[in-house]
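Dumped input.cif below, it's mmCIF, C-alpha atoms:
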```cif
data_entry
#
loop_
_atom_site.label_atom_id
_atom_site.label_comp_id
_atom_site.auth_asym_id
_atom_site.auth_seq_id
_atom_site.Cartn_x
_atom_site.Cartn_y
_atom_site.Cartn_z
CA MET C 222 117.20 141.67 95.22
CA LYS C 223 114.69 139.48 93.39
CA LYS C 224 114.61 137.03 96.31
CA ALA C 225 113.90 139.86 98.75
CA LEU C 226 111.09 141.20 96.57
CA LEU C 227 109.62 137.72 96.25
CA ALA C 228 109.69 137.31 100.01
CA VAL C 229 107.84 140.61 100.47
CA LEU C 230 105.17 139.57 97.95
CA ILE C 231 104.68 136.25 99.73
CA VAL C 232 104.22 138.02 103.07
CA LEU C 233 101.73 140.51 101.56
CA THR C 234 99.77 137.74 99.85
CA ALA C 235 99.60 135.75 103.08
CA ALA C 236 98.46 138.83 104.97
CA ALA C 237 95.73 139.51 102.41
CA GLY C 238 94.57 135.92 102.69
CA PHE C 239 94.48 136.18 106.46
CA ALA C 240 92.44 139.39 106.26
CA PHE C 241 89.94 137.72 103.93
CA ALA C 242 89.65 134.73 106.25
CA ALA C 243 89.11 136.98 109.24
CA ASP C 244 86.41 139.04 107.51
CA MET C 245 84.62 136.20 105.73
CA PRO C 246 83.14 132.94 106.96
CA GLU C 247 84.18 129.72 105.24
CA ALA C 248 80.52 128.96 104.60
CA MET C 249 77.49 131.23 104.64
CA GLY C 250 73.76 130.74 104.24
CA ILE C 251 71.54 133.38 102.64
CA THR C 252 67.82 132.62 102.60
CA TYR C 253 66.03 132.49 99.28
CA VAL C 254 62.35 133.45 99.36
CA LYS C 255 60.62 134.16 96.05
CA ALA C 256 57.06 134.81 97.29
CA PRO C 257 55.03 136.92 97.25
CA LEU C 258 56.93 138.58 94.35
CA ASN C 259 60.51 139.03 95.51
CA VAL C 260 62.03 140.27 92.28
CA PRO C 261 65.47 141.18 93.75
CA SER C 262 65.95 137.67 95.14
CA ILE C 263 64.92 136.10 91.84
CA VAL C 264 67.23 138.35 89.80
CA ALA C 265 70.10 137.73 92.22
CA LYS C 266 69.60 134.00 91.75
CA TYR C 267 69.55 134.12 87.94
CA ASN C 268 72.49 136.54 87.75
CA GLN C 269 74.47 134.66 90.43
CA VAL C 270 74.98 137.97 92.21
CA PHE C 271 76.05 136.58 95.56
CA GLU C 272 78.30 133.90 94.10
CA LYS C 273 80.24 136.73 92.45
CA ALA C 274 80.22 138.84 95.63
CA TYR C 275 81.68 136.09 97.82
CA PRO C 276 84.51 134.34 95.94
CA GLY C 277 85.98 131.57 98.02
CA VAL C 278 83.00 131.38 100.38
CA ARG C 279 80.88 128.23 100.29
CA LEU C 280 77.37 129.63 99.87
CA SER C 281 73.99 128.02 100.41
CA PHE C 282 70.54 129.44 99.70
CA PRO C 283 68.00 127.57 101.83
CA GLU C 284 64.37 128.21 100.92
CA ILE C 285 63.05 128.99 104.38
CA THR C 286 59.73 130.75 103.87
CA GLU C 287 58.38 130.83 107.43
CA GLY C 288 59.58 133.73 109.58
CA PRO C 289 60.00 131.79 112.85
CA LYS C 290 62.10 129.18 111.05
CA GLN C 291 64.28 131.95 109.60
CA THR C 292 64.95 133.52 113.00
CA ALA C 293 65.63 130.06 114.44
CA ALA C 294 68.14 129.44 111.64
CA LEU C 295 69.82 132.77 112.44
CA ALA C 296 70.04 131.82 116.11
CA ALA C 297 71.48 128.41 115.24
CA GLU C 298 74.01 130.05 112.88
CA GLU C 299 72.66 127.94 110.02
CA ILE C 300 72.34 131.14 107.98
CA GLY C 301 74.22 134.40 108.11
CA ILE C 302 71.58 136.60 106.54
CA ALA C 303 67.79 136.35 106.37
CA SER C 304 67.34 138.21 103.11
CA CYS C 305 63.57 138.53 103.31
CA LEU C 306 62.06 138.37 106.81
CA GLY C 307 58.60 139.54 107.86
CA SER C 308 58.74 142.39 110.35
CA THR C 309 56.35 140.52 112.65
CA SER C 310 58.81 137.62 112.90
CA ALA C 311 61.79 139.91 113.50
CA ILE C 312 60.03 141.74 116.32
CA LEU C 313 58.68 138.59 117.95
CA ALA C 314 62.07 136.86 117.89
CA ALA C 315 63.80 139.90 119.42
CA SER C 316 61.12 140.17 122.10
CA GLU C 317 61.91 136.58 123.11
CA GLY C 318 65.60 137.38 123.47
CA LEU C 319 66.90 136.08 120.15
CA ASP C 320 69.74 137.96 118.47
CA VAL C 321 68.13 139.71 115.48
CA LYS C 322 69.34 142.89 113.82
CA ILE C 323 67.76 144.64 110.85
CA ILE C 324 70.36 145.80 108.30
CA GLY C 325 67.97 146.99 105.62
CA ILE C 326 64.44 146.98 104.27
CA TYR C 327 63.63 144.35 101.68
CA SER C 328 60.27 145.70 100.57
CA ARG C 329 57.18 147.72 101.34
CA ALA C 330 54.10 146.59 99.41
CA PRO C 331 50.74 147.57 100.90
CA LYS C 332 48.97 146.97 97.57
CA ALA C 333 50.23 143.38 97.37
CA PHE C 334 48.60 142.16 100.59
CA MET C 335 44.84 141.65 100.34
CA ILE C 336 41.60 140.46 101.86
CA ILE C 337 39.89 138.59 99.02
CA VAL C 338 36.27 137.41 98.76
CA ARG C 339 33.97 135.74 96.23
CA ASP C 340 30.50 136.32 97.69
CA PRO C 341 28.93 139.40 96.03
CA ALA C 342 26.95 140.00 99.22
CA ILE C 343 30.20 140.92 101.02
CA LYS C 344 30.61 144.51 99.91
CA SER C 345 32.69 145.95 102.77
CA VAL C 346 34.84 144.88 105.70
CA LYS C 347 31.79 145.34 107.95
CA ASP C 348 30.13 142.47 106.09
CA LEU C 349 32.81 140.09 107.40
CA LYS C 350 31.15 140.05 110.83
CA GLY C 351 30.50 136.45 111.81
CA LYS C 352 32.16 135.18 108.61
CA LYS C 353 34.97 132.66 108.19
CA VAL C 354 38.28 134.28 107.21
CA ALA C 355 41.33 132.15 106.42
CA GLY C 356 44.91 133.34 106.69
CA PRO C 357 48.30 132.94 108.35
CA LYS C 358 48.24 134.18 111.94
CA GLY C 359 50.98 136.40 113.31
CA THR C 360 51.88 137.76 109.88
CA ILE C 361 51.55 141.00 107.92
CA LEU C 362 48.32 139.65 106.43
CA HIS C 363 46.97 139.11 109.94
CA GLN C 364 47.96 142.68 110.77
CA LEU C 365 46.14 143.91 107.67
CA LEU C 366 42.97 142.09 108.74
CA ALA C 367 43.16 143.51 112.27
CA ALA C 368 43.74 147.04 110.95
CA ALA C 369 40.87 146.80 108.47
CA LEU C 370 38.49 145.54 111.15
CA ASP C 371 39.63 148.19 113.62
CA LYS C 372 38.83 150.92 111.11
CA GLU C 373 35.23 149.65 111.13
CA GLY C 374 35.08 149.45 114.92
CA MET C 375 35.53 145.68 114.94
CA THR C 376 38.15 143.19 116.12
CA VAL C 377 39.27 139.72 115.07
CA LYS C 378 36.86 138.40 117.71
CA ASP C 379 33.98 139.60 115.50
CA ILE C 380 34.89 137.05 112.81
CA GLU C 381 35.88 133.39 112.72
CA PHE C 382 39.58 133.55 111.95
CA ILE C 383 40.96 130.22 110.71
CA GLN C 384 44.70 129.57 110.55
CA MET C 385 45.74 128.61 107.00
CA ASP C 386 48.74 129.20 104.77
CA LEU C 387 48.22 131.09 101.50
CA SER C 388 47.70 128.03 99.30
CA SER C 389 45.23 126.43 101.69
CA GLY C 390 43.39 129.71 102.16
CA ALA C 391 43.06 130.22 98.42
CA ASN C 392 41.74 126.69 97.97
CA ALA C 393 39.27 127.11 100.84
CA LEU C 394 37.99 130.33 99.28
CA SER C 395 37.56 128.73 95.87
CA THR C 396 35.53 125.83 97.32
CA GLY C 397 33.42 128.08 99.52
CA SER C 398 34.75 126.63 102.77
CA VAL C 399 35.57 130.15 103.93
CA ASP C 400 34.08 133.53 103.13
CA ALA C 401 37.35 135.43 102.77
CA ALA C 402 41.06 134.71 102.48
CA LEU C 403 44.15 136.73 103.27
CA LEU C 404 46.36 136.46 100.21
CA ALA C 405 49.40 138.02 98.57
CA GLY C 406 51.51 137.61 95.45
CA PRO C 407 50.74 134.77 93.01
CA ALA C 408 48.06 133.34 95.32
CA ALA C 409 46.21 136.65 95.25
CA TYR C 410 46.64 137.10 91.49
CA ASN C 411 45.38 133.59 90.73
CA ALA C 412 42.35 134.09 92.96
CA LEU C 413 41.53 137.45 91.35
CA THR C 414 41.74 135.97 87.85
CA SER C 415 39.50 133.06 88.89
CA GLY C 416 36.42 135.02 89.84
CA ALA C 417 37.34 136.39 93.27
CA ARG C 418 37.75 140.10 94.04
CA MET C 419 39.73 142.27 96.40
CA LEU C 420 37.76 143.57 99.36
CA LYS C 421 40.66 145.51 100.88
CA ASN C 422 44.39 145.83 100.49
CA GLY C 423 47.00 147.34 102.80
CA GLU C 424 46.89 150.88 101.45
CA GLY C 425 46.43 153.29 104.34
CA LEU C 426 46.47 150.41 106.82
CA VAL C 427 49.88 148.68 106.74
CA ASP C 428 53.10 149.22 104.82
CA ALA C 429 53.66 145.46 104.70
CA THR C 430 57.32 145.89 105.63
CA ILE C 431 59.73 143.04 104.97
CA VAL C 432 63.25 143.37 106.36
CA ILE C 433 66.77 142.10 105.76
CA ALA C 434 68.24 140.71 108.96
CA THR C 435 71.31 139.16 110.50
CA THR C 436 72.56 138.75 114.06
CA GLU C 437 74.76 141.15 115.98
CA LYS C 438 77.19 138.28 116.55
CA PHE C 439 77.53 137.59 112.82
CA ALA C 440 77.80 141.29 111.91
CA GLN C 441 80.52 141.90 114.49
CA LYS C 442 82.49 138.83 113.46
CA TYR C 443 82.07 139.31 109.70
CA PRO C 444 81.35 143.00 108.98
CA GLU C 445 82.73 142.70 105.47
CA ALA C 446 80.31 139.86 104.70
CA VAL C 447 77.38 142.07 105.71
CA SER C 448 78.71 145.02 103.72
CA ARG C 449 79.16 142.87 100.63
CA PHE C 450 75.63 141.55 100.91
CA LEU C 451 74.13 145.04 101.05
CA LYS C 452 76.27 146.23 98.13
CA ALA C 453 75.33 143.19 96.04
CA HIS C 454 71.66 143.62 96.93
CA ASN C 455 71.67 147.33 96.06
CA ASP C 456 73.55 146.64 92.83
CA THR C 457 70.76 144.18 91.99
CA LEU C 458 68.14 146.89 92.56
CA THR C 459 70.04 149.17 90.18
CA TRP C 460 70.20 146.37 87.59
CA ILE C 461 66.43 145.85 87.86
CA LYS C 462 65.75 149.55 87.23
CA LYS C 463 67.96 149.44 84.14
CA ASN C 464 66.62 146.09 82.91
CA PRO C 465 62.93 145.89 83.92
CA ASP C 466 61.96 143.62 81.03
CA LYS C 467 64.70 141.10 81.78
CA ALA C 468 63.79 141.21 85.48
CA ALA C 469 60.16 140.56 84.60
CA GLU C 470 61.14 137.60 82.39
CA MET C 471 63.19 136.05 85.21
CA THR C 472 60.34 136.58 87.66
CA GLN C 473 57.79 135.06 85.27
CA LYS C 474 60.00 132.01 84.76
CA GLU C 475 60.56 131.53 88.49
CA THR C 476 56.96 132.12 89.65
CA ARG C 477 55.20 130.68 86.55
CA LEU C 478 52.78 133.57 86.66
CA PRO C 479 51.46 135.00 83.40
CA MET C 480 53.63 137.89 82.23
CA ASP C 481 50.61 140.20 82.54
CA GLY C 482 50.43 139.31 86.23
CA VAL C 483 54.12 139.96 86.79
CA ARG C 484 53.95 143.32 85.05
CA MET C 485 50.83 144.26 86.99
CA MET C 486 52.32 143.44 90.39
CA MET C 487 55.94 144.60 90.06
CA PRO C 488 55.08 148.30 90.51
CA TRP C 489 53.31 147.48 93.79
CA TYR C 490 56.68 146.89 95.47
CA ASP C 491 59.06 149.48 96.89
CA PHE C 492 62.38 147.65 97.18
CA ASP C 493 64.47 150.60 98.39
CA SER C 494 66.68 149.09 101.10
CA LYS C 495 67.32 152.31 103.02
CA ILE C 496 65.77 152.30 106.50
CA ARG C 497 63.54 155.37 106.80
CA LYS C 498 61.99 156.99 109.86
CA SER C 499 58.62 155.85 108.52
CA ASP C 500 59.88 152.25 108.53
CA ILE C 501 60.76 152.47 112.22
CA ALA C 502 57.33 153.99 112.91
CA GLU C 503 55.77 151.06 111.03
CA LEU C 504 57.77 148.60 113.14
CA ALA C 505 56.39 150.27 116.27
CA LYS C 506 52.86 149.96 114.85
CA THR C 507 53.47 146.31 114.08
CA GLN C 508 54.60 145.69 117.64
CA GLU C 509 51.40 147.27 118.96
CA PHE C 510 49.38 144.91 116.77
CA MET C 511 51.33 141.90 118.06
CA ILE C 512 50.83 142.83 121.70
CA GLU C 513 47.16 143.77 121.34
CA ASN C 514 46.41 140.44 119.68
CA GLY C 515 48.24 138.33 122.26
CA LEU C 516 51.02 137.36 119.87
CA GLN C 517 53.87 139.04 121.76
CA ARG C 518 54.58 138.96 125.50
CA ASN C 519 57.47 141.36 125.95
CA LYS C 520 57.60 144.90 124.56
CA ILE C 521 60.91 146.04 123.11
CA ASP C 522 62.40 149.28 121.83
CA VAL C 523 62.12 148.76 118.07
CA ASN C 524 65.05 151.12 117.56
CA SER C 525 67.23 148.47 119.20
CA LEU C 526 66.50 146.19 116.24
CA ILE C 527 68.27 148.47 113.80
CA MET C 528 71.93 147.75 113.13
CA ARG C 529 73.70 151.10 113.46
#
```
For this file, write the structure as structure tokens.
Amino acid sequence: MKKALLAVLIVLTAAAGFAFAADMPEAMGITYVKAPLNVPSIVAKYNQVFEKAYPGVRLSFPEITEGPKQTAALAAEEIGIASCLGSTSAILAASEGLDVKIIGIYSRAPKAFMIIVRDPAIKSVKDLKGKKVAGPKGTILHQLLAAALDKEGMTVKDIEFIQMDLSSGANALSTGSVDAALLAGPAAYNALTSGARMLKNGEGLVDATIVIATTEKFAQKYPEAVSRFLKAHNDTLTWIKKNPDKAAEMTQKETRLPMDGVRMMMPWYDFDSKIRKSDIAELAKTQEFMIENGLQRNKIDVNSLIMR
């Protein structure tokens, strides 16, 4: 009797192991991006959230901060989940035929994305006409600039738009090499506390939507891996709400911002991962911006990006 029971247990254990292997990859990459102020990613790192969610899976957390490199890594199966991907990059990649599926929203933070100036003579967006503006092209910040100019009856052609990353743009603004810079997160905070001022942020112009993405191929092959990621991510959001001070301490340590800066900026972010109708509308608006500015060739149905 004991031998028979032992045999049954062995079979059940083997079956469970097979199910785990079928639903989980042996190795899995999840991008880690801490800027502009990605509190959930920072907390997940310090609390080892994903290590606990994926026992037996060899995890890696590559710091891939550029959207196109993230979508390329998804396509190459170097990562399973892009935890924090700009909506512009997701749309552009899909329009070029890459396999990209949105499984959740990482953040919405219109207040965190800004046009920043130092010259007191620049009092409104209209005053940017003919001025040098530095920022990363094809990004949410670029979309903010275009939307702000459009509201004043202007286009990007009415200014001198210079491609720069956030650090370079902030430095150029501080030295006077440019008249305005498109900044977010710590770069924006440091500029504002060093004598610069905000000319315009994304409020009423862009939601600054960042998404969580995978590929349809990965989701179909490893549905449990995707489900576990979303559960772990949402559990992290719950932890942050219950432990805001600890979350702020982790964020301060990781970003090296003053605690006052962390506490000031944290409320700017809506990290609710649920995909709302307004998010899909914002994706459609983002696509219009991309096409109108010659950044996207092929129009897509943004609804097709959403993993159902």
Ground truth for the PyMOL selection byres ((chain C and resi 522) around 10), written as a list in words: Ile312, Ala315, Ser316, Leu504, Ala505, Gln508, Lys520, Ile521, Val523, Asn524, Ser525, Leu526 and Ile527 of chain C
Sel. within 10 Å of pt (40.3, 142.9, 115.2), counting only C-alpha atoms, output as a PyMOL selection string: chain C and resi 363-380+382+510+513-514
Point-to-point distance from atom CA of C:Phe271 to atom CA of C:Phe439, Å rounded to tenths: 17.4 Å
What are the closest atom pairs, with distances in Å to one decimal, for all residues of stretch 307-338 of chain C lying within 6 Å of stretch 398-415 of chain C? Consider all atoms listed in the file, order rows by chain and residue number, and present the result as JSON lines.
```
{"residue": "C:Ala333", "atom": "CA", "partner": "C:Ala405", "partner_atom": "CA", "distance": 5.6}
{"residue": "C:Phe334", "atom": "CA", "partner": "C:Ala405", "partner_atom": "CA", "distance": 4.7}
{"residue": "C:Met335", "atom": "CA", "partner": "C:Leu404", "partner_atom": "CA", "distance": 5.4}
{"residue": "C:Ile336", "atom": "CA", "partner": "C:Leu403", "partner_atom": "CA", "distance": 4.7}
{"residue": "C:Ile337", "atom": "CA", "partner": "C:Ala402", "partner_atom": "CA", "distance": 5.3}
{"residue": "C:Val338", "atom": "CA", "partner": "C:Ala401", "partner_atom": "CA", "distance": 4.6}
```
All residues 6 Å or closer to stretch 293-308 of chain C, all atoms listed in the file, same chain fewer than 4 positions away omitted, as JSON, numbers by chain: {"C": [249, 250, 251, 252, 288, 431, 432, 433, 434, 435]}
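For the set C:Pro283, C:Pro444, C:Pro341, C:Pro289, the residue with the smallest atom-to-atom gap to C:Pro246 is C:Pro444, counting all atoms listed in the file.
When atom CA of C:Gly356 is paired with atom CA of C:Val260, their separation reads 23.4 Å.
Taking atom CA of C:Glu475 and atom CA of C:Glu424 as endpoints, the distance between them is 27.0 Å.
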Put a box with edges along x, y and z around all the listed atoms of stretch 249-252 of chain C, pad it by 5 Å on each side, then give me its centre and sizes in Å, one decimal, as AutoDock Vina command-line options.
```
--center_x 72.7 --center_y 132.1 --center_z 103.6 --size_x 19.7 --size_y 12.6 --size_z 12.0
```
Nearby residues, (43.6, 131.2, 105.0) file frame, 7 Å, all atoms listed in the file, as an NGL selection string: :C and (354-357 or 383-387 or 389-391 or 402-403)
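Nearest to C:Ile501 of all the residues C:Ala440, C:Thr430, C:Ala314, C:Ile461 is C:Thr430, counting all atoms listed in the file.
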Option closest in space to C:Ala265, from C:Leu458, C:Ile285, C:Ala502, C:Leu516 [counting all atoms listed in the file]: C:Leu458
